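Structure below is query-v5.cif: mmCIF, C-alpha atoms.
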data_input
loop_
_atom_site.label_atom_id
_atom_site.label_comp_id
_atom_site.auth_asym_id
_atom_site.auth_seq_id
_atom_site.Cartn_x
_atom_site.Cartn_y
_atom_site.Cartn_z
CA MET A 1 95.50 102.34 115.27
CA ASP A 2 94.83 104.61 112.33
CA PHE A 3 97.84 106.67 113.22
CA VAL A 4 100.08 103.60 113.34
CA GLU A 5 98.77 102.45 109.98
CA LYS A 6 99.35 105.85 108.42
CA ARG A 7 102.96 105.81 109.56
CA LEU A 8 103.41 102.25 108.32
CA THR A 9 101.93 102.94 104.90
CA GLU A 10 104.06 106.04 104.50
CA ARG A 11 107.18 104.07 105.35
CA ALA A 12 106.15 101.20 103.09
CA LYS A 13 105.52 103.67 100.28
CA ARG A 14 109.12 104.76 100.53
CA GLY A 15 110.20 101.14 100.04
CA ASP A 16 110.59 100.12 103.68
CA ARG A 17 110.03 96.36 103.72
CA GLU A 18 109.85 96.07 107.48
CA ALA A 19 106.91 98.46 107.55
CA PHE A 20 105.26 96.48 104.79
CA ALA A 21 105.78 93.26 106.73
CA GLU A 22 104.01 94.83 109.70
CA LEU A 23 101.06 95.75 107.51
CA VAL A 24 100.91 92.15 106.31
CA GLU A 25 100.89 90.98 109.92
CA ILE A 26 98.02 93.30 110.79
CA TYR A 27 95.84 92.34 107.82
CA LYS A 28 96.78 88.78 106.87
CA ASP A 29 94.09 87.04 108.91
CA LYS A 30 91.35 89.47 107.94
CA ILE A 31 92.13 89.17 104.25
CA PHE A 32 92.54 85.41 104.45
CA GLN A 33 89.25 85.14 106.30
CA LEU A 34 87.46 87.14 103.60
CA ALA A 35 89.04 85.08 100.83
CA TYR A 36 88.34 81.78 102.58
CA ARG A 37 84.67 82.59 103.06
CA MET A 38 84.46 83.72 99.45
CA VAL A 39 86.12 80.73 97.77
CA GLY A 40 85.67 78.02 100.38
CA ASN A 41 89.07 76.39 100.48
CA ARG A 42 92.37 77.19 102.15
CA GLN A 43 94.65 76.84 99.17
CA ASP A 44 92.79 79.26 96.91
CA ALA A 45 92.20 81.60 99.84
CA GLU A 46 95.92 81.77 100.64
CA ASP A 47 96.70 82.38 96.98
CA ILE A 48 94.23 85.24 96.90
CA ALA A 49 95.52 86.71 100.15
CA GLN A 50 99.08 86.53 98.85
CA GLU A 51 98.10 88.13 95.55
CA THR A 52 96.29 90.85 97.49
CA PHE A 53 99.43 91.80 99.40
CA LEU A 54 101.61 91.68 96.30
CA ARG A 55 99.22 94.04 94.56
CA VAL A 56 99.16 96.31 97.58
CA TYR A 57 102.94 96.45 97.44
CA ALA A 58 103.05 97.09 93.71
CA ASN A 59 100.42 99.83 93.90
CA LEU A 60 101.41 101.53 97.12
CA HIS A 61 102.37 104.66 95.19
CA THR A 62 98.77 105.01 93.99
CA TYR A 63 97.34 104.65 97.50
CA ASP A 64 95.49 107.78 98.52
CA ALA A 65 96.13 108.35 102.22
CA SER A 66 92.85 110.24 102.64
CA TYR A 67 91.10 106.85 102.54
CA LYS A 68 91.48 104.29 105.26
CA PHE A 69 94.09 101.70 104.40
CA SER A 70 91.67 98.92 105.38
CA THR A 71 89.15 100.17 102.81
CA TRP A 72 91.74 100.00 100.08
CA ILE A 73 93.07 96.56 100.93
CA TYR A 74 89.57 95.09 101.34
CA ARG A 75 88.67 96.48 97.93
CA ILE A 76 91.65 94.81 96.29
CA ALA A 77 90.90 91.52 98.02
CA THR A 78 87.18 91.61 97.20
CA ASN A 79 87.87 92.28 93.54
CA LEU A 80 90.38 89.43 93.40
CA CYS A 81 87.87 87.04 94.99
CA ILE A 82 85.16 87.97 92.54
CA ASP A 83 87.52 87.74 89.55
CA ARG A 84 88.67 84.33 90.71
CA GLY A 85 85.06 83.22 91.02
CA ARG A 86 84.38 84.30 87.45
CA LYS A 87 87.31 82.37 86.08
CA LYS A 88 86.73 79.24 88.10
CA ARG A 89 82.99 79.02 87.91
CA PRO A 90 82.65 75.92 85.72
CA ASP A 91 84.91 73.70 87.78
CA PHE A 92 82.29 72.60 90.24
CA SER A 93 78.71 71.59 89.71
CA LEU A 94 76.25 69.82 91.93
CA ASP A 95 75.31 67.63 88.98
CA GLU A 96 78.80 66.25 88.76
CA GLU A 97 79.42 62.76 90.08
CA VAL A 98 81.35 62.57 93.33
CA GLU A 99 83.47 59.78 91.97
CA PRO A 100 83.01 58.78 88.38
CA GLY A 101 81.14 55.56 87.82
CA GLN A 102 79.42 55.35 91.20
CA GLY A 103 76.27 57.14 90.18
CA LEU A 104 76.37 59.48 93.16
CA ASP A 105 76.20 63.16 92.48
CA TRP A 106 76.87 65.98 94.91
CA TYR A 107 73.17 66.40 95.70
CA SER A 108 73.34 63.14 97.61
CA ARG A 109 75.86 64.73 99.94
CA LEU A 110 73.77 67.81 100.50
CA SER A 111 70.78 66.07 102.01
CA SER A 112 70.69 66.69 105.68
CA SER A 113 67.66 64.57 106.49
CA GLU A 114 69.72 61.66 107.79
CA ARG A 115 71.77 63.80 110.14
CA THR A 116 70.77 63.67 113.76
CA PRO A 117 70.40 66.97 115.63
CA GLU A 118 73.40 66.06 117.80
CA ASP A 119 75.63 65.95 114.75
CA LYS A 120 74.74 69.47 113.92
CA VAL A 121 76.07 70.70 117.21
CA VAL A 122 79.54 69.58 116.29
CA THR A 123 81.41 72.75 115.49
CA GLN A 124 83.00 71.46 112.35
CA GLU A 125 79.64 70.57 110.93
CA LEU A 126 78.33 73.99 111.72
CA GLN A 127 81.30 75.61 110.09
CA GLN A 128 80.73 73.55 107.01
CA THR A 129 77.09 74.57 107.02
CA VAL A 130 77.97 78.23 107.21
CA GLN A 131 80.36 77.77 104.34
CA ASP A 132 77.80 75.88 102.28
CA ALA A 133 75.14 78.47 102.90
CA LEU A 134 77.44 81.31 101.93
CA SER A 135 78.61 79.53 98.81
CA HIS A 136 75.03 79.43 97.58
CA LEU A 137 74.81 83.17 97.54
CA GLN A 138 75.80 85.08 94.43
CA PRO A 139 79.28 86.56 94.87
CA LYS A 140 78.00 90.13 94.99
CA TYR A 141 75.77 89.24 97.95
CA ARG A 142 78.26 86.85 99.50
CA SER A 143 81.06 89.41 99.63
CA ILE A 144 78.83 91.96 101.31
CA MET A 145 77.46 89.51 103.87
CA ILE A 146 81.02 88.48 104.73
CA LEU A 147 82.19 92.08 105.06
CA ARG A 148 79.18 92.92 107.21
CA TYR A 149 78.92 89.95 109.54
CA ILE A 150 82.28 88.20 109.52
CA GLU A 151 84.62 91.14 109.10
CA ASP A 152 82.19 93.23 111.15
CA LEU A 153 82.40 96.39 109.03
CA SER A 154 79.94 99.27 109.00
CA LEU A 155 77.58 99.91 106.09
CA GLN A 156 79.53 103.07 105.31
CA GLU A 157 82.83 101.26 105.12
CA ILE A 158 81.40 98.52 102.91
CA SER A 159 80.01 101.21 100.65
CA ASP A 160 83.51 102.72 100.39
CA ILE A 161 85.07 99.34 99.70
CA VAL A 162 82.82 98.26 96.85
CA LYS A 163 82.27 101.84 95.63
CA LEU A 164 78.49 101.52 95.63
CA PRO A 165 75.94 103.79 97.30
CA ILE A 166 74.92 102.82 100.80
CA THR A 167 71.33 102.16 99.68
CA THR A 168 72.60 99.47 97.31
CA ILE A 169 74.56 97.91 100.14
CA LYS A 170 71.44 97.83 102.31
CA THR A 171 69.41 96.21 99.54
CA ARG A 172 72.06 93.54 99.07
CA ILE A 173 72.24 92.83 102.78
CA HIS A 174 68.46 92.54 102.94
CA ARG A 175 68.43 90.14 100.01
CA GLY A 176 71.39 88.24 101.37
CA ARG A 177 69.67 87.75 104.71
CA GLU A 178 66.46 86.62 103.02
CA ALA A 179 68.35 84.18 100.80
CA LEU A 180 70.13 82.69 103.78
CA ARG A 181 66.90 82.54 105.70
CA SER A 182 65.24 80.37 103.10
CA LYS A 183 68.42 78.34 102.80
CA LEU A 184 68.53 77.67 106.53
CA ARG A 185 64.89 76.71 106.58
CA LEU A 186 65.73 73.90 104.17
CA MET A 187 68.53 72.63 106.36
CA MET B 188 50.25 98.31 108.58
CA GLU B 189 50.72 95.43 106.22
CA CYS B 190 53.20 92.64 106.78
CA ARG B 191 55.02 93.44 103.54
CA GLU B 192 55.86 96.90 104.78
CA MET B 193 56.79 95.38 108.11
CA VAL B 194 59.41 93.15 106.50
CA VAL B 195 61.15 96.26 105.17
CA LEU B 196 61.01 97.71 108.66
CA ILE B 197 62.42 94.50 110.14
CA HIS B 198 65.45 94.76 107.88
CA GLU B 199 65.95 98.39 108.72
CA CYS B 200 65.73 97.52 112.37
CA LEU B 201 68.38 94.82 111.93
CA ASP B 202 70.62 97.41 110.30
CA GLY B 203 70.08 99.68 113.27
CA GLU B 204 68.47 102.31 111.06
CA THR B 205 65.06 102.66 112.70
CA ASP B 206 64.04 105.38 115.09
CA GLU B 207 62.12 104.99 118.33
CA LEU B 208 58.75 105.44 116.66
CA ALA B 209 59.38 102.79 114.01
CA ASN B 210 60.69 100.37 116.63
CA GLN B 211 57.52 100.86 118.62
CA SER B 212 55.23 100.20 115.71
CA LEU B 213 57.28 97.13 114.79
CA LEU B 214 57.04 95.76 118.31
CA ASN B 215 53.30 96.40 118.41
CA HIS B 216 52.84 94.64 115.11
CA MET B 217 54.88 91.62 116.14
CA LYS B 218 52.84 91.19 119.29
CA THR B 219 49.85 90.39 117.13
CA CYS B 220 51.45 88.97 113.97
CA SER B 221 53.15 85.64 114.51
CA SER B 222 54.47 85.34 110.97
CA CYS B 223 56.36 88.61 111.24
CA ARG B 224 57.65 87.54 114.64
CA GLN B 225 58.81 84.31 113.08
CA HIS B 226 60.42 86.21 110.21
CA MET B 227 62.32 88.46 112.58
CA HIS B 228 63.57 85.50 114.60
CA GLU B 229 64.73 83.68 111.52
CA LEU B 230 66.64 86.70 110.28
CA GLN B 231 68.26 87.10 113.67
CA ARG B 232 69.25 83.47 113.50
CA VAL B 233 70.75 84.03 110.06
CA ILE B 234 72.92 86.81 111.44
CA ALA B 235 74.02 84.79 114.44
CA PHE B 236 74.65 81.87 112.13
CA VAL B 237 76.94 83.81 109.79
CA GLN B 238 78.68 85.42 112.73
CA SER B 239 79.31 81.98 114.22
CA ALA B 240 81.76 81.29 111.43
CA SER B 241 84.86 80.78 113.47
CA HIS B 242 87.80 83.00 112.76
CA ILE B 243 90.40 81.02 110.95
CA HIS B 244 94.05 81.90 110.69
CA VAL B 245 96.37 81.89 107.75
CA SER B 246 99.39 79.58 107.90
CA PRO B 247 102.18 80.91 110.12
CA ASP B 248 104.78 81.34 107.39
CA PHE B 249 102.44 83.49 105.30
CA THR B 250 104.21 86.80 105.87
CA ALA B 251 107.60 85.30 105.06
CA ARG B 252 106.23 83.85 101.84
CA VAL B 253 104.72 87.17 100.77
CA LEU B 254 107.99 88.99 101.50
CA SER B 255 109.97 86.43 99.52
CA LYS B 256 107.80 87.11 96.50
CA LEU B 257 108.20 90.86 96.52
CA PRO B 258 110.14 92.21 93.56
CA ALA B 259 113.82 92.77 94.36
CA PRO B 260 114.48 96.36 95.37
CA THR B 261 115.77 98.41 92.45
CA LYS B 262 119.16 100.15 92.55
CA LYS B 263 117.38 103.47 92.84
CA ASN B 264 115.39 102.31 95.86
CA LEU B 265 118.48 100.87 97.50
CA PHE B 266 120.33 104.14 96.99
CA SER B 267 117.53 106.30 98.34
CA SER B 268 116.98 104.04 101.34
CA TRP B 269 120.73 104.18 102.02
CA LEU B 270 120.53 107.96 101.96
CA ARG B 271 117.62 107.88 104.39
CA ASN B 272 119.41 105.56 106.76
CA HIS B 273 122.58 107.68 106.82
CA PRO B 274 121.40 111.28 107.10
CA PHE B 275 124.68 112.54 108.51
CA LEU B 276 126.82 111.09 105.73
CA THR B 277 124.34 112.40 103.18
CA ALA B 278 124.56 115.90 104.61
CA ALA B 279 128.35 115.65 104.67
CA ALA B 280 128.43 114.54 101.04
CA VAL B 281 126.16 117.37 99.95
CA PHE B 282 128.29 119.82 101.91
CA PHE B 283 131.47 118.46 100.36
CA VAL B 284 130.09 118.73 96.82
CA LEU B 285 128.98 122.32 97.35
CA MET B 286 132.28 123.25 98.97
CA ALA B 287 134.25 121.64 96.18
CA GLY B 288 132.15 123.57 93.68
CA SER B 289 132.75 126.95 95.22
CA LEU B 290 136.43 126.24 95.90
CA SER B 291 137.13 125.03 92.42
CA ALA B 292 135.41 128.14 91.08
CA ASN B 293 137.95 130.02 93.16
CA TRP B 294 140.74 128.01 91.52
CA PHE B 295 139.65 128.84 87.97
CA ASP B 296 138.90 132.49 88.66
CA ARG B 297 142.45 133.46 89.57
CA ASN B 298 144.75 135.34 87.27
CA ASP B 299 148.43 134.71 86.75
CA ILE B 300 149.81 137.64 88.73
CA LEU B 301 152.25 136.77 91.48
CA GLN B 302 150.52 137.21 94.81
CA VAL B 303 152.22 137.15 98.17
CA SER B 304 150.62 137.26 101.54
CA SER B 305 152.69 137.53 104.64
CA ALA B 306 152.93 139.63 107.80
CA ASN B 307 156.46 140.77 107.02
CA MET B 308 156.31 141.78 103.37
CA ASP B 309 159.25 144.15 103.78
CA LYS B 310 161.68 141.38 104.64
CA LEU B 311 160.89 139.33 101.54
CA LYS B 312 162.83 139.61 98.33
CA ILE B 313 160.81 139.23 95.19
CA ASP B 314 162.61 138.09 92.10
CA ARG B 315 160.31 139.15 89.28
CA GLU B 316 162.36 137.54 86.54
CA ARG B 317 162.38 134.08 87.99
CA ASN B 318 158.97 134.60 89.58
CA VAL B 319 160.35 133.58 92.94
CA VAL B 320 159.77 134.92 96.41
CA VAL B 321 162.87 134.62 98.52
CA VAL B 322 163.13 134.61 102.27
CA PRO B 323 166.72 135.84 102.59
CA ALA B 324 169.13 134.14 104.90
CA GLY B 325 169.29 135.70 108.33
CA THR B 326 165.76 137.10 108.25
CA SER B 327 162.88 135.69 110.17
CA ILE B 328 159.24 135.99 109.24
CA ASP B 329 156.35 135.68 111.65
CA GLY B 330 153.21 133.88 110.59
CA ASP B 331 152.31 132.05 107.39
CA LEU B 332 153.77 132.83 104.02
CA VAL B 333 151.46 132.16 101.10
CA VAL B 334 152.54 132.69 97.53
CA ARG B 335 150.42 132.27 94.42
CA ASN B 336 151.66 131.77 90.90
CA GLY B 337 155.27 131.56 91.93
CA ASP B 338 157.91 129.56 93.73
CA VAL B 339 159.22 130.15 97.20
CA GLU B 340 162.84 129.90 98.23
CA VAL B 341 163.36 129.74 101.92
CA GLN B 342 166.88 130.53 103.16
CA GLY B 343 165.98 132.22 106.43
CA GLU B 344 163.47 131.44 109.12
CA VAL B 345 159.63 131.25 108.85
CA ARG B 346 157.59 130.95 112.04
CA GLY B 347 154.57 129.47 110.33
CA ASN B 348 153.56 127.53 107.25
CA VAL B 349 155.01 128.06 103.81
CA VAL B 350 152.54 127.48 101.01
CA ALA B 351 153.10 127.84 97.31
CA ILE B 352 150.01 127.70 95.14
CA GLU B 353 150.85 126.73 91.59
CA GLY B 354 154.44 126.88 92.52
CA LYS B 355 157.13 125.01 94.35
CA VAL B 356 158.74 125.46 97.72
CA PHE B 357 162.53 125.24 97.83
CA VAL B 358 163.95 124.98 101.29
CA ALA B 359 167.64 125.77 101.65
CA SER B 360 169.78 123.91 104.19
CA THR B 361 170.04 127.07 106.26
CA ALA B 362 166.27 127.47 106.39
CA GLN B 363 164.09 126.94 109.40
CA VAL B 364 160.36 126.50 108.90
CA VAL B 365 158.30 126.09 112.04
CA GLY B 366 155.10 125.01 110.26
CA ASN B 367 154.58 122.90 107.17
CA THR B 368 155.79 123.54 103.69
CA GLU B 369 153.30 122.79 101.03
CA SER B 370 153.12 123.27 97.32
CA ILE B 371 149.79 123.08 95.61
CA GLU B 372 149.76 122.42 91.92
CA ALA B 373 146.54 120.58 91.14
CA ILE B 374 142.92 121.44 91.75
CA VAL B 375 142.48 118.45 94.02
CA ASP B 376 145.31 119.66 96.23
CA TRP B 377 143.75 123.08 96.28
CA ILE B 378 140.39 121.82 97.43
CA TRP B 379 142.03 119.63 100.03
CA TYR B 380 144.07 122.57 101.25
CA GLU B 381 140.97 124.78 101.60
CA VAL B 382 138.98 122.10 103.36
CA LYS B 383 141.87 121.50 105.71
CA ASN B 384 142.06 125.21 106.47
CA ILE B 385 138.36 125.31 107.25
CA GLY B 386 138.80 122.26 109.46
CA ASN B 387 141.76 123.85 111.26
CA ASP B 388 139.78 127.04 111.77
CA LEU B 389 136.82 125.15 113.15
CA LEU B 390 138.69 122.73 115.40
CA PRO B 391 139.74 125.22 118.08
CA ILE B 392 136.10 126.27 118.41
CA MET B 393 135.03 122.71 118.94
CA ARG B 394 137.71 122.16 121.50
#

Once more with this new file: its structure as structure tokens, please.
Amino acid sequence: MDFVEKRLTERAKRGDREAFAELVEIYKDKIFQLAYRMVGNRQDAEDIAQETFLRVYANLHTYDASYKFSTWIYRIATNLCIDRGRKKRPDFSLDEEVEPGQGLDWYSRLSSSERTPEDKVVTQELQQTVQDALSHLQPKYRSIMILRYIEDLSLQEISDIVKLPITTIKTRIHRGREALRSKLRLM
Amino acid sequence: MECREMVVLIHECLDGETDELANQSLLNHMKTCSSCRQHMHELQRVIAFVQSASHIHVSPDFTARVLSKLPAPTKKNLFSSWLRNHPFLTAAAVFFVLMAGSLSANWFDRNDILQVSSANMDKLKIDRERNVVVVPAGTSIDGDLVVRNGDVEVQGEVRGNVVAIEGKVFVASTAQVVGNTESIEAIVDWIWYEVKNIGNDLLPIMR
């Protein structure tokens, strides 16, 4: 796999679009998955994934082949997600009204007390719960939890991606798990 | 050991970073401490919960859309990718340029002295005043006749090519030339002539 990727990146570096298209095929779902779990909706996630690949293409000449390609592309995607979060932060608040004039805010939708246990089994509900729980984490914890448990990367690789020492990664995972634990207790 | 230290150990265990000894002490502690046991279970649930996030797929036309947004390839890229895709033509072009260079150097280096090359020099008549090499009527010359810086007048027979470089070939009605007659007056002709010669020399080998 690594060998194939090396060949593809070398060809793409020389301007071969077919090789680049193959790289997109290999990584599109992984990158989209990361972006979707970070921002929580398809449209923004696809925009981020697209931007990621365009940046990869534009910066291929700076890619250092001694790193894994996956490390590099995950780094670009993670940074884009976090930047997007910074820009878009104020556009959603739990205190906002769901529909103006009805007096209902988003907190009313969060309460899970009226849900029956059977409802929770429904996959879609569960997926929504995962997404909600993740979205309550700070981005720096959220990204690392996603890389660790959804993208299934090793601590070492995450450390390479976010360029932080492995001890910091461990601390963030510990805190992320604890935060989710208290979150899930409430649900 | 205290529960607070145990929580650190629990996390290390979940990261797969504990050794046998630590695992043992953790297990022993959890046998007696229900809150730590509870804590461990909840953290395991958290992990399973995040991992349960189903893998979603990007829309099918994603790759096509990304490719359509790539910047158009520059002229330079197009040229270099053309070169890569046609290695043989590239090599031929490089070869041709180098050959043309060395041959044209040959063209400029010459002096203006009349030069004749033939196997039967004795049969030729050289008219110094008119700068003409004459193949007299009734004589026959074997092989090619090449003259530089002068004209050639063929009245007799030549069993080969007649070439005049920077000169003209005049063929009389009595003349018989087995090969071609050629007069080379421009550098382009010269290069073409040399390349042709090389080709003719190589062809028999390839056959």

What box, with edges along x, y and z, holds each listed atom of segment 71-83 of chain A when 6 Å is added on every side, and can you state its centre and edge lengths in Å to one decimal, as lines of an AutoDock Vina configuration file?
center_x = 89.1
center_y = 93.6
center_z = 96.2
size_x = 19.9
size_y = 25.1
size_z = 25.3

Inset, instruction - I need the residue set behind the PyMOL selection byres ((chain B) within 7 of (chain A)) for this file; please write it as a list in words. - result: His198, Glu229, Leu230, Val233, Phe236, Val237, Gln238, Ala240, His242, Ile243, His244, Val245, Thr250, Val253, Leu257 and Asn264 of chain B

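Near Ile169 of chain A, within 8 Å and counting only C-alpha atoms, sit Ile144, Leu155, Ile158, Ser159, Leu164, Pro165, Ile166, Thr167, Thr171, Arg172 and Ile173 of chain A; same-chain residues fewer than 2 positions away were not included.
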
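The interatomic distance for the pair atom CA of Gly366 of chain B and atom CA of Gly330 of chain B works out to 9.1 Å.
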
Inset, instruction - Could you expand the PyMOL selection byres ((chain B and resi 351) around 6) into the explicit residues it covers here, written as a list in words? - result: Val333, Val334, Arg335, Val350, Ile352, Gly354, Lys355 and Ser370 of chain B

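Proximity to His216 of chain B was assessed for B:Glu369, B:Asp388, B:Glu199, B:Glu189 counting only C-alpha atoms; the smallest distance is recorded for B:Glu189.
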
Legend entry - Separation of atom CA of Val339 of chain B from atom CA of Val321 of chain B in Å: 5.9 Å

Inset, instruction - Calculate how many Å separate atom CA of Ile197 of chain B from atom CA of Leu214 of chain B, rounding to one decimal. - result: 9.9 Å

Inset, instruction - Could you expand the PyMOL selection byres ((chain A and resi 5) around 10) into the explicit residues it covers here, written as a ChimeraX atom specification? - result: /A:1-4,6-11,19,22-23,26,68-70

Provide segment 261-283 of chain B of the preceding structure as a file containing N, CA and C atoms, as a short mmCIF file (atom, residue, chain, number, x, y, z; two decimals), in the first residue's frame.
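Contents of the output file selection-v2.cif:
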data_model
loop_
_atom_site.label_atom_id
_atom_site.label_comp_id
_atom_site.auth_asym_id
_atom_site.auth_seq_id
_atom_site.Cartn_x
_atom_site.Cartn_y
_atom_site.Cartn_z
N THR B 261 -0.46 24.12 -16.98
CA THR B 261 0.25 25.20 -17.67
C THR B 261 0.92 24.66 -18.92
N LYS B 262 1.30 25.57 -19.82
CA LYS B 262 1.98 25.16 -21.06
C LYS B 262 3.22 24.34 -20.75
N LYS B 263 3.94 24.78 -19.72
CA LYS B 263 5.19 24.12 -19.36
C LYS B 263 4.91 22.67 -18.95
N ASN B 264 3.85 22.50 -18.13
CA ASN B 264 3.50 21.14 -17.70
C ASN B 264 3.10 20.28 -18.88
N LEU B 265 2.29 20.89 -19.77
CA LEU B 265 1.83 20.12 -20.92
C LEU B 265 3.03 19.66 -21.73
N PHE B 266 3.98 20.58 -21.94
CA PHE B 266 5.15 20.25 -22.74
C PHE B 266 5.95 19.13 -22.08
N SER B 267 6.18 19.27 -20.76
CA SER B 267 7.02 18.26 -20.12
C SER B 267 6.30 16.92 -20.05
N SER B 268 4.96 16.95 -19.91
CA SER B 268 4.28 15.65 -19.88
C SER B 268 4.27 15.03 -21.28
N TRP B 269 4.22 15.90 -22.32
CA TRP B 269 4.32 15.36 -23.68
C TRP B 269 5.67 14.68 -23.87
N LEU B 270 6.72 15.33 -23.39
CA LEU B 270 8.06 14.75 -23.51
C LEU B 270 8.13 13.40 -22.82
N ARG B 271 7.50 13.33 -21.62
CA ARG B 271 7.54 12.07 -20.88
C ARG B 271 6.79 10.97 -21.60
N ASN B 272 5.67 11.37 -22.26
CA ASN B 272 4.85 10.35 -22.89
C ASN B 272 5.44 9.88 -24.22
N HIS B 273 6.38 10.64 -24.79
CA HIS B 273 6.96 10.26 -26.07
C HIS B 273 8.48 10.22 -25.96
N PRO B 274 8.99 9.27 -25.20
CA PRO B 274 10.45 9.24 -24.96
C PRO B 274 11.24 9.05 -26.24
N PHE B 275 10.70 8.27 -27.19
CA PHE B 275 11.48 7.99 -28.39
C PHE B 275 11.61 9.25 -29.24
N LEU B 276 10.49 9.96 -29.41
CA LEU B 276 10.54 11.19 -30.20
C LEU B 276 11.46 12.22 -29.54
N THR B 277 11.40 12.27 -28.19
CA THR B 277 12.26 13.20 -27.47
C THR B 277 13.73 12.89 -27.74
N ALA B 278 14.07 11.61 -27.64
CA ALA B 278 15.45 11.22 -27.88
C ALA B 278 15.85 11.57 -29.31
N ALA B 279 14.94 11.31 -30.24
CA ALA B 279 15.24 11.61 -31.65
C ALA B 279 15.47 13.10 -31.84
N ALA B 280 14.64 13.91 -31.19
CA ALA B 280 14.77 15.36 -31.33
C ALA B 280 16.10 15.84 -30.78
N VAL B 281 16.45 15.31 -29.59
CA VAL B 281 17.73 15.69 -28.98
C VAL B 281 18.88 15.29 -29.91
N PHE B 282 18.79 14.07 -30.42
CA PHE B 282 19.82 13.58 -31.34
C PHE B 282 19.93 14.49 -32.55
N PHE B 283 18.77 14.86 -33.12
CA PHE B 283 18.78 15.68 -34.31
C PHE B 283 19.42 17.04 -34.05
#
